[in-house]
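Below is model-v6.cif, holding mmCIF, C-alpha atoms.
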data_start
loop_
_atom_site.group_PDB
_atom_site.id
_atom_site.type_symbol
_atom_site.label_atom_id
_atom_site.label_comp_id
_atom_site.auth_asym_id
_atom_site.auth_seq_id
_atom_site.Cartn_x
_atom_site.Cartn_y
_atom_site.Cartn_z
ATOM 1 C CA MET A 1274 98.843 28.905 43.733
ATOM 2 C CA SER A 1275 96.318 26.078 44.065
ATOM 3 C CA GLY A 1276 98.528 24.237 46.587
ATOM 4 C CA PHE A 1277 98.877 27.372 48.653
ATOM 5 C CA LEU A 1278 95.147 28.079 48.489
ATOM 6 C CA GLY A 1279 94.533 24.440 49.325
ATOM 7 C CA ASN A 1280 96.488 24.869 52.545
ATOM 8 C CA LEU A 1281 94.518 28.001 53.359
ATOM 9 C CA LEU A 1282 91.287 26.162 52.668
ATOM 10 C CA ASN A 1283 92.238 23.370 55.036
ATOM 11 C CA GLN A 1284 92.717 25.984 57.741
ATOM 12 C CA ALA A 1285 89.459 27.702 56.811
ATOM 13 C CA ALA A 1286 87.493 24.456 56.806
ATOM 14 C CA GLY A 1287 87.254 24.424 60.582
ATOM 15 C CA ALA A 1288 85.824 27.925 60.613
ATOM 16 C CA ILE A 1289 83.432 27.728 57.672
ATOM 17 C CA GLY A 1290 82.851 24.035 57.054
ATOM 18 C CA GLY A 1291 84.778 21.729 54.747
ATOM 19 C CA GLN A 1292 82.270 21.596 51.892
ATOM 20 C CA LEU A 1293 82.047 25.362 51.655
ATOM 21 C CA ALA A 1294 85.794 25.956 51.927
ATOM 22 C CA ASP A 1295 86.342 25.131 48.245
ATOM 23 C CA LYS A 1296 83.757 27.718 47.182
ATOM 24 C CA PHE A 1297 85.298 30.285 49.516
ATOM 25 C CA GLY A 1298 88.798 29.638 48.186
ATOM 26 C CA GLY A 1299 87.547 29.882 44.632
ATOM 27 C CA GLN A 1300 86.140 33.297 45.403
ATOM 28 C CA ILE A 1301 89.473 34.473 46.832
ATOM 29 C CA GLY A 1302 91.179 33.225 43.674
ATOM 30 C CA ASP A 1303 88.586 34.897 41.453
ATOM 31 C CA MET A 1304 89.018 38.166 43.344
ATOM 32 C CA LEU A 1305 92.758 38.154 42.594
ATOM 33 C CA LYS A 1306 92.508 37.294 38.880
ATOM 34 C CA GLY A 1307 93.135 39.754 36.069
ATOM 35 C CA GLN A 1308 92.957 43.308 37.344
ATOM 36 C CA GLY A 1309 91.824 42.157 40.795
ATOM 37 C CA ILE A 1310 95.023 43.204 42.570
ATOM 38 C CA ASP A 1311 94.974 46.619 40.895
ATOM 39 C CA MET A 1312 91.342 47.044 41.895
ATOM 40 C CA LEU A 1313 92.126 46.102 45.510
ATOM 41 C CA ILE A 1314 94.984 48.621 45.569
ATOM 42 C CA SER A 1315 92.696 51.337 44.216
ATOM 43 C CA GLN A 1316 89.964 50.479 46.711
ATOM 44 C CA ALA A 1317 92.544 50.379 49.526
ATOM 45 C CA ARG A 1318 93.779 53.830 48.542
ATOM 46 C CA ASN A 1319 90.202 55.159 48.692
ATOM 47 C CA ALA A 1320 89.623 53.470 52.068
ATOM 48 C CA GLY A 1321 92.919 54.683 53.567
ATOM 49 C CA LEU A 1322 94.255 51.111 53.687
ATOM 50 C CA GLU A 1323 96.896 51.243 50.953
ATOM 51 C CA GLU A 1324 99.731 50.608 53.439
ATOM 52 C CA LYS A 1325 98.141 47.293 54.409
ATOM 53 C CA ILE A 1326 97.708 46.107 50.823
ATOM 54 C CA GLN A 1327 101.244 47.200 49.955
ATOM 55 C CA SER A 1328 102.559 45.133 52.887
ATOM 56 C CA TRP A 1329 100.835 42.070 51.405
ATOM 57 C CA ILE A 1330 102.404 42.718 47.997
ATOM 58 C CA GLY A 1331 105.875 43.675 49.192
ATOM 59 C CA ASN A 1332 108.468 41.696 51.051
ATOM 60 C CA GLY A 1333 108.269 41.392 54.807
ATOM 61 C CA GLU A 1334 105.456 40.911 57.258
ATOM 62 C CA ASN A 1335 101.856 41.211 56.089
ATOM 63 C CA LEU A 1336 99.905 43.753 58.103
ATOM 64 C CA PRO A 1337 96.637 42.326 59.426
ATOM 65 C CA ILE A 1338 93.244 43.628 58.375
ATOM 66 C CA SER A 1339 90.173 43.704 60.598
ATOM 67 C CA THR A 1340 86.682 42.789 59.473
ATOM 68 C CA ASP A 1341 85.684 46.454 59.808
ATOM 69 C CA GLU A 1342 88.575 47.504 57.582
ATOM 70 C CA LEU A 1343 87.631 44.771 55.135
ATOM 71 C CA ARG A 1344 84.067 46.134 55.000
ATOM 72 C CA ASN A 1345 85.589 49.520 54.088
ATOM 73 C CA LEU A 1346 87.917 47.948 51.523
ATOM 74 C CA LEU A 1347 85.402 45.808 49.636
ATOM 75 C CA THR A 1348 82.311 47.093 47.913
ATOM 76 C CA ASP A 1349 78.883 45.837 48.907
ATOM 77 C CA THR A 1350 78.698 44.209 45.469
ATOM 78 C CA GLN A 1351 81.946 42.295 46.054
ATOM 79 C CA ILE A 1352 80.738 41.064 49.443
ATOM 80 C CA GLN A 1353 77.324 40.101 48.060
ATOM 81 C CA THR A 1354 78.964 38.212 45.185
ATOM 82 C CA ILE A 1355 80.953 36.103 47.644
ATOM 83 C CA VAL A 1356 77.837 35.597 49.784
ATOM 84 C CA SER A 1357 75.745 34.483 46.817
ATOM 85 C CA LYS A 1358 78.404 32.196 45.340
ATOM 86 C CA THR A 1359 79.324 30.500 48.614
ATOM 87 C CA GLY A 1360 75.990 30.532 50.391
ATOM 88 C CA LEU A 1361 77.801 31.793 53.497
ATOM 89 C CA PRO A 1362 76.639 34.861 55.419
ATOM 90 C CA ALA A 1363 78.875 37.942 55.431
ATOM 91 C CA GLU A 1364 79.366 37.468 59.188
ATOM 92 C CA THR A 1365 81.160 34.196 58.397
ATOM 93 C CA ILE A 1366 82.943 35.291 55.237
ATOM 94 C CA LEU A 1367 84.505 38.538 56.452
ATOM 95 C CA PRO A 1368 86.462 37.109 59.424
ATOM 96 C CA ALA A 1369 87.731 34.235 57.266
ATOM 97 C CA LEU A 1370 88.600 36.623 54.430
ATOM 98 C CA ALA A 1371 90.394 38.970 56.852
ATOM 99 C CA GLN A 1372 92.481 36.024 58.002
ATOM 100 C CA PHE A 1373 93.347 34.587 54.590
ATOM 101 C CA LEU A 1374 93.328 37.485 52.091
ATOM 102 C CA PRO A 1375 96.701 38.982 53.140
ATOM 103 C CA ALA A 1376 98.527 35.673 52.615
ATOM 104 C CA ALA A 1377 96.665 34.965 49.371
ATOM 105 C CA VAL A 1378 97.569 38.390 47.941
ATOM 106 C CA ASP A 1379 101.165 37.938 49.124
ATOM 107 C CA LYS A 1380 101.436 34.558 47.442
ATOM 108 C CA HIS A 1381 99.619 35.694 44.278
ATOM 109 C CA THR A 1382 101.911 38.692 43.826
ATOM 110 C CA GLY A 1383 105.137 37.043 45.002
ATOM 111 C CA THR A 1384 106.343 36.301 41.476
ATOM 112 C CA GLN A 1385 105.745 39.908 40.444
ATOM 113 C CA GLU A 1386 108.171 41.354 42.984
ATOM 114 C CA SER A 1387 111.639 42.328 41.904
ATOM 115 C CA ALA A 1388 114.649 41.782 44.169
#
Structure rendered as structure tokens:
Amino acid sequence: MSGFLGNLLNQAAGAIGGQLADKFGGQIGDMLKGQGIDMLISQARNAGLEEKIQSWIGNGENLPISTDELRNLLTDTQIQTIVSKTGLPAETILPALAQFLPAAVDKHTGTQESA
């Protein structure tokens, strides 16, 4: 997954600055560790966004997520954790996260899918 996240980080570097891209990517990776996917699915269900998350996990095209939907998906604590660990404002993090989270979840869960 690190190669895949590395590619995402290279794309993100232009938007959020190269030095901060590593911290941002680390936070995406941390969010997906352990029960992170299950927690995102649960939060998506509560926010009415389960179809989007399921598209990222399943085969086929990943449905996009807007920054407003992402604000509804993530808790304030999750957003503040990323803000504090990266030093980036939420206004910078959320658009980048909306762009890269679907592909990161897709890649992270790709080995868990059955044919």
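Restricting the calculation to only C-alpha atoms, the smallest distance between Ala1369 in chain A and any of A:Ala1317, A:Ile1338, A:Met1304, A:Leu1347 is found for A:Ile1338.
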Interatomic distance, CA of Thr1348 in chain A to CA of Leu1313 in chain A (Å, one decimal): 10.2 Å
Could you write out as a compact mmCIF listing (two decimals) with C-alpha atoms, keeping the file's coordinate frame the residues that the PyMOL selection byres ((chain A and resi 1376) around 12) matches in the shown file?
# COMPACT_ATOMS: atom_id res chain seq x y z
CA MET A 1274 98.84 28.90 43.73
CA PHE A 1277 98.88 27.37 48.65
CA LEU A 1278 95.15 28.08 48.49
CA ASN A 1280 96.49 24.87 52.54
CA LEU A 1281 94.52 28.00 53.36
CA LEU A 1282 91.29 26.16 52.67
CA ILE A 1301 89.47 34.47 46.83
CA GLY A 1302 91.18 33.22 43.67
CA LEU A 1305 92.76 38.15 42.59
CA LYS A 1325 98.14 47.29 54.41
CA ILE A 1326 97.71 46.11 50.82
CA SER A 1328 102.56 45.13 52.89
CA TRP A 1329 100.84 42.07 51.40
CA ILE A 1330 102.40 42.72 48.00
CA GLY A 1331 105.88 43.68 49.19
CA ASN A 1332 108.47 41.70 51.05
CA GLY A 1333 108.27 41.39 54.81
CA GLU A 1334 105.46 40.91 57.26
CA ASN A 1335 101.86 41.21 56.09
CA LEU A 1336 99.90 43.75 58.10
CA PRO A 1337 96.64 42.33 59.43
CA ILE A 1338 93.24 43.63 58.38
CA ALA A 1369 87.73 34.24 57.27
CA LEU A 1370 88.60 36.62 54.43
CA ALA A 1371 90.39 38.97 56.85
CA GLN A 1372 92.48 36.02 58.00
CA PHE A 1373 93.35 34.59 54.59
CA LEU A 1374 93.33 37.48 52.09
CA PRO A 1375 96.70 38.98 53.14
CA ALA A 1377 96.66 34.97 49.37
CA VAL A 1378 97.57 38.39 47.94
CA ASP A 1379 101.16 37.94 49.12
CA LYS A 1380 101.44 34.56 47.44
CA HIS A 1381 99.62 35.69 44.28
CA THR A 1382 101.91 38.69 43.83
CA GLY A 1383 105.14 37.04 45.00
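CA of Gly1321 in chain A lies 25.7 Å from CA of Pro1362 in chain A.
Here CA of Arg1318 in chain A stands at a distance of 8.8 Å from CA of Leu1346 in chain A.
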